[in-house]
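First up is the structure itself, then whatever we jot down about it.
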Amino acid sequence: MRPEFRNFVIMISFLSILSFSCKKESEQQALEFDTQTAQDNALAEGVYSDVNNIANQAIKNGSSGLTTYRFQETTSSYLSVCATVTITPDSSGIGGVATVDFGSTDCLCLDGHYRRGIINFTYTGPYSDSGSVITTSFDNYYVGKDTTRMFNVTGSKTVTNLGQNTSGNIHFSINVNGHLIDSDGRNMDWTSTRNREWISGSTTLNWQDDRYLITGSAQGTNFEGNSYTMNITHALDIDFSCSWIKEGVFDLTPTGKATRTFDYGDGTCNNQASITVNGTTFPVTLR
């Protein structure tokens, strides 16, 4: 082989190796800064928190105890007149089953989300009573901000009223064994253990002034099949007058990757949040 040709081959080989190395490094960097898992977790957080909001309005006792439900008042409905609520009391007179049926077609609700299908709530007593337990299940239930990107919600959720905490606020233990399916047929699992503190609105009949702080942890598998763990480091602020989680921070660690810090913001009611990975911050629009 002539020297100049041999040098040319060596140079081409070197450039190929360098190109592959740069590509591999770029791909690794993209994976390292991937924020999909944190966004998927935030989606699950919002979906199952929303279910609790629906339960509150469907089960919260009015002036006639559990015979009046604010869900049925069209002038103040959190959702929409397209939702039909059926109450079946049990023999105790304080518990029973509440079925919320959004119909078989996507219905635009007052909070800007589309819903269809059924949510079932089994309760042992009023939501605000110490010791009461509310268990949630789903029947072909879907929710989304866009009818082309609806999420099928399955699994179960159990909320137990623990009475007053040391601050004098009612608080609850919340356990979710959740499963979501997106419009592309991809699956996500989400298991969480939480404490929910009722810091405002517990003494009124107006659900819109209800506000909660949520702490706890979760684990799951995102829509791409990657597992992760998460822990709330700054309590999530759930305000019923807002369609989004207003404030709070959680750390999320995908298996084999750096921890991502998800920040819902400064308390402003909007769908904007941020994710920080290795010192770099990315904006996020909540789904």
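A note on labels: chains of the structure tokens are A, B, ... as shown, every chain counts residues from 1, and ligands are counted from 1 in their shown order.
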Exercise. Do you know which residues are at most 8 Å from region 141-154 of chain A counting only C-alpha atoms, after dropping those on the same chain fewer than 6 positions away, and could you put them as a list in words?
Worked result: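 Listing them by chain and then by number gives Val47, Asp106, Gly112, His113, Tyr114, Arg115, Arg116, Gly117, Ile118, Ile119, Gly178, His179, Leu180, Ile181, Asp182, Ser183 and Arg287 of chain A.
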Exercise. Region 43-230 of chain A: which residues are alpha helix (DSSP H) by DSSP, as a list in words?
Worked result: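 Across region 43-230 of chain A, those assigned alpha helix (DSSP H) are Leu43, Ala44, Glu45, Gly46, Val47, Tyr48, Ser49, Asp50, Val51, Asn52, Asn53, Ile54, Ala55, Asn56, Gln57, Ala58 and Ile59 of chain A.
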Exercise. Region 12-258 of chain A: which residues are strand (DSSP E) by DSSP, as a PyMOL selection string?
Worked result: chain A and resi 61-62+65-69+84-89+96-101+107-108+114-123+133-144+151-164+170-181+187-200+211-221+227-239+247-254
Seminar exercise, completed: Using only C-alpha atoms, the residue out of A:Met188, A:Asp251, A:Ile174, A:Ala258 with shortest distance to Gly225 (chain A) is A:Met188
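Here CA of Ala235 (chain A) stands at a distance of 19.8 Å from CA of Lys157 (chain A).
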Problem set entry | Spatial neighbours of region 210-214 of chain A, max dist 7 Å, only C-alpha atoms, sep filter under 5 positions, as a list in words | Arg194, Asn195, Arg196, Glu197, Trp198, Ile199, Ser200, Gly201, Ser202, Ala235, Leu236, Asp237, Ile238, Asp239 and Phe240 of chain A
Exercise. Leaving out Gly131 (chain A) and any residue of its chain fewer than 6 positions from it, which residues lie within 10 Å of it when counting only C-alpha atoms, given as a PyMOL selection string?
Worked result: chain A and resi 124-125+159-163+172
Please write the residues from the selection above to a file, keeping N, CA, C and O atoms, as a PDB file, in the first residue's frame.
```
ATOM      1  N   THR A 124     -67.124   5.246  53.546  1.00  0.00           N
ATOM      2  CA  THR A 124     -67.687   4.781  54.812  1.00  0.00           C
ATOM      3  C   THR A 124     -68.341   5.910  55.590  1.00  0.00           C
ATOM      4  O   THR A 124     -69.008   5.660  56.606  1.00  0.00           O
ATOM      5  N   GLY A 125     -68.140   7.139  55.142  1.00  0.00           N
ATOM      6  CA  GLY A 125     -68.717   8.301  55.807  1.00  0.00           C
ATOM      7  C   GLY A 125     -68.306   9.562  55.089  1.00  0.00           C
ATOM      8  O   GLY A 125     -67.597   9.517  54.070  1.00  0.00           O
ATOM      9  N   VAL A 159     -58.269   6.768  50.272  1.00  0.00           N
ATOM     10  CA  VAL A 159     -58.043   7.954  51.100  1.00  0.00           C
ATOM     11  C   VAL A 159     -58.648   7.705  52.477  1.00  0.00           C
ATOM     12  O   VAL A 159     -59.841   7.396  52.588  1.00  0.00           O
ATOM     13  N   THR A 160     -57.834   7.838  53.526  1.00  0.00           N
ATOM     14  CA  THR A 160     -58.299   7.611  54.893  1.00  0.00           C
ATOM     15  C   THR A 160     -58.141   8.892  55.709  1.00  0.00           C
ATOM     16  O   THR A 160     -57.040   9.461  55.773  1.00  0.00           O
ATOM     17  N   ASN A 161     -59.240   9.365  56.306  1.00  0.00           N
ATOM     18  CA  ASN A 161     -59.206  10.558  57.145  1.00  0.00           C
ATOM     19  C   ASN A 161     -58.572  10.200  58.491  1.00  0.00           C
ATOM     20  O   ASN A 161     -59.092   9.362  59.233  1.00  0.00           O
ATOM     21  N   LEU A 162     -57.448  10.848  58.821  1.00  0.00           N
ATOM     22  CA  LEU A 162     -56.707  10.561  60.050  1.00  0.00           C
ATOM     23  C   LEU A 162     -57.036  11.529  61.183  1.00  0.00           C
ATOM     24  O   LEU A 162     -56.389  11.486  62.235  1.00  0.00           O
ATOM     25  N   GLY A 163     -58.041  12.369  60.995  1.00  0.00           N
ATOM     26  CA  GLY A 163     -58.378  13.346  62.025  1.00  0.00           C
ATOM     27  C   GLY A 163     -57.450  14.546  61.974  1.00  0.00           C
ATOM     28  O   GLY A 163     -56.824  14.827  60.948  1.00  0.00           O
ATOM     29  N   PHE A 172     -54.948  13.338  55.828  1.00  0.00           N
ATOM     30  CA  PHE A 172     -55.367  12.066  55.247  1.00  0.00           C
ATOM     31  C   PHE A 172     -54.150  11.264  54.801  1.00  0.00           C
ATOM     32  O   PHE A 172     -53.145  11.832  54.364  1.00  0.00           O
TER      33      PHE A 172
END
```
Problem set entry | Computed interatomic separation between CA of Ile232 (chain A) and CA of His171 (chain A) (Å) | 16.7 Å
Problem set entry | Closest of A:Ser274, A:Thr229, A:Thr84, A:Thr99 to Thr253 (chain A) - atom-to-atom distances counting only C-alpha atoms |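 For Thr253 (chain A), the nearest of the given residues is A:Thr229.
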Exercise. With only C-alpha atoms as the basis for distance, which of A:Thr276, A:Thr191, A:Thr215, A:Thr233 is at the shortest distance from Ala44 (chain A)?
Worked result: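 Counting only C-alpha atoms, the residue closest to Ala44 (chain A) is A:Thr191.
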For this session: Find, counting only C-alpha atoms, the residue in A:Trp244, A:Tyr48, A:Phe121, A:Phe102 that gets nearest to Gly265 (chain A).
Result: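 Going through A:Trp244, A:Tyr48, A:Phe121, A:Phe102 one by one, the smallest distance to Gly265 (chain A) is for A:Trp244.
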Exercise. So, counting only C-alpha atoms, which residue among A:Thr35, A:Asn41, A:Ser92, A:Thr158 is closest to Phe250 (chain A)?
Worked result: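 Closest to Phe250 (chain A), using only C-alpha atoms: A:Asn41.
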For this session: Find the residues near Thr88 (chain A): any atom within 8 Å, counting only C-alpha atoms, skip ones fewer than 4 places away on the same chain, and give them as a list in words.
Result: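 Neighbouring residues, sequence-local ones excluded: Gly96, Val97 and Ala98 of chain A.
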